[in-house]
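Reading through the structure tokens given below for one structure.
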Amino acid sequence: MSLLETVLSQGFDRSEPIGRDELGRFTKGVRVRCSQCEALVISGVAAHETGCPNVVRYVDCFECGCEVRADVGCDCQSFDEEAE
Ligand SMILES: [Zn+2]
Ligand SMILES: [Zn+2]
């Protein structure tokens with residue numbers, strides 16, 4: 001998973017890559033931004049402001065014990081696509 005994919009998965013939905021080299025690779029990392037708060041990067045770790053609704057919570061799957069996103073669920077479970 002790329003750095004950009006990582007921060008997007010953490011709820012930083014406005015994140016974007018900074019700069020590309022001549023081969024189109026991103027060279028300067030990622031600008032971490034969140035649509036719901038003033039996201040911060042502290043010691044290289046992206047962080048939402050306290051209370052940001054985009055904070056991703058992780059829970060342990062009750063089926064297999066894997067740590068999974070609370071809003072996504074686990075691959076081992078099948079969800080009704082209509083479920084909210
Ligand atoms: Zn946020
Ligand atoms: Zn599971």
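Just so we're on the same page: first chain in the structure tokens is A, next is B, and so on; residues restart at 1 for each chain, and ligands are numbered from 1 in the order they show up.
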Please provide the set of residues having any atom within 10 Å of Arg57 (chain A), restricted to only C-alpha atoms, with same-chain residues fewer than 4 positions apart removed, written as a PDB file with C-alpha atoms, in the first residue's frame.
```pdb
ATOM      1  CA  GLN A  10      -7.084   6.559   7.660  1.00  0.00           C
ATOM      2  CA  GLY A  11      -9.812   9.044   6.744  1.00  0.00           C
ATOM      3  CA  GLU A  67      -8.425  -5.985  13.383  1.00  0.00           C
ATOM      4  CA  VAL A  68     -10.752  -4.369  10.874  1.00  0.00           C
ATOM      5  CA  ARG A  69     -12.190  -0.941  10.196  1.00  0.00           C
ATOM      6  CA  ALA A  70     -15.400  -0.423  12.120  1.00  0.00           C
ATOM      7  CA  ASP A  71     -17.082   1.193   9.106  1.00  0.00           C
ATOM      8  CA  VAL A  72     -15.962  -1.450   6.623  1.00  0.00           C
TER       9      VAL A  72
END
```
Taking only C-alpha atoms and all ligand atoms into account, which residues have an atom no farther than 10 Å from ligand 1? I'd like them as a ChimeraX atom specification. /A:10-14,32-40,46-56
Identify, counting only C-alpha atoms and all ligand atoms, the protein, DNA and RNA residues located within 8 Å of ligand 2, and give them as a PyMOL selection string. chain A and resi 60-66+68+73-77
Could you write out the selected residues, including N, CA and C atoms, as a short mmCIF file (atom, residue, chain, number, x, y, z; two decimals), in the first residue's frame?
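Okay, result-v6.cif is ready:
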```cif
data_model
loop_
_atom_site.label_atom_id
_atom_site.label_comp_id
_atom_site.auth_asym_id
_atom_site.auth_seq_id
_atom_site.Cartn_x
_atom_site.Cartn_y
_atom_site.Cartn_z
N ASP A 60 -12.02 -5.44 16.60
CA ASP A 60 -11.65 -6.84 16.35
C ASP A 60 -12.85 -7.58 15.79
N CYS A 61 -12.67 -8.23 14.65
CA CYS A 61 -13.73 -9.03 14.06
C CYS A 61 -14.13 -10.13 15.03
N PHE A 62 -15.45 -10.25 15.27
CA PHE A 62 -15.88 -11.27 16.23
C PHE A 62 -15.84 -12.67 15.64
N GLU A 63 -15.68 -12.76 14.34
CA GLU A 63 -15.58 -14.06 13.69
C GLU A 63 -14.15 -14.60 13.71
N CYS A 64 -13.22 -13.80 13.21
CA CYS A 64 -11.86 -14.31 13.02
C CYS A 64 -10.83 -13.61 13.89
N GLY A 65 -11.23 -12.51 14.56
CA GLY A 65 -10.31 -11.83 15.45
C GLY A 65 -9.38 -10.84 14.79
N CYS A 66 -9.50 -10.70 13.46
CA CYS A 66 -8.67 -9.72 12.77
C CYS A 66 -9.08 -8.31 13.19
N VAL A 68 -10.14 -4.88 12.10
CA VAL A 68 -10.75 -4.37 10.87
C VAL A 68 -11.36 -3.00 11.14
N GLY A 73 -15.83 -3.35 8.11
CA GLY A 73 -16.05 -4.73 8.49
C GLY A 73 -14.98 -5.63 7.92
N CYS A 74 -15.18 -6.90 8.13
CA CYS A 74 -14.15 -7.87 7.81
C CYS A 74 -14.50 -8.62 6.52
N ASP A 75 -13.45 -9.00 5.79
CA ASP A 75 -13.65 -9.78 4.57
C ASP A 75 -14.35 -11.11 4.84
N CYS A 76 -14.23 -11.61 6.06
CA CYS A 76 -14.78 -12.94 6.35
C CYS A 76 -16.28 -12.89 6.56
N GLN A 77 -16.83 -11.68 6.62
CA GLN A 77 -18.27 -11.55 6.80
C GLN A 77 -18.90 -11.01 5.52
#
```
Using DSSP on the backbone coordinates, identify all residues within chain A classified as alpha helix (DSSP H); present the result as a PDB file with C-alpha atoms, in the first residue's frame.
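Dumped to part_24.pdb:
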```pdb
ATOM      1  CA  LEU A   3       1.675   6.236   1.546  1.00  0.00           C
ATOM      2  CA  LEU A   4      -1.208   7.975  -0.182  1.00  0.00           C
ATOM      3  CA  GLU A   5      -3.405   4.900   0.034  1.00  0.00           C
ATOM      4  CA  THR A   6      -2.451   4.562   3.679  1.00  0.00           C
ATOM      5  CA  VAL A   7      -3.491   8.070   4.648  1.00  0.00           C
ATOM      6  CA  LEU A   8      -6.665   7.851   2.548  1.00  0.00           C
ATOM      7  CA  SER A   9      -7.562   4.665   4.414  1.00  0.00           C
TER       8      SER A   9
END
```
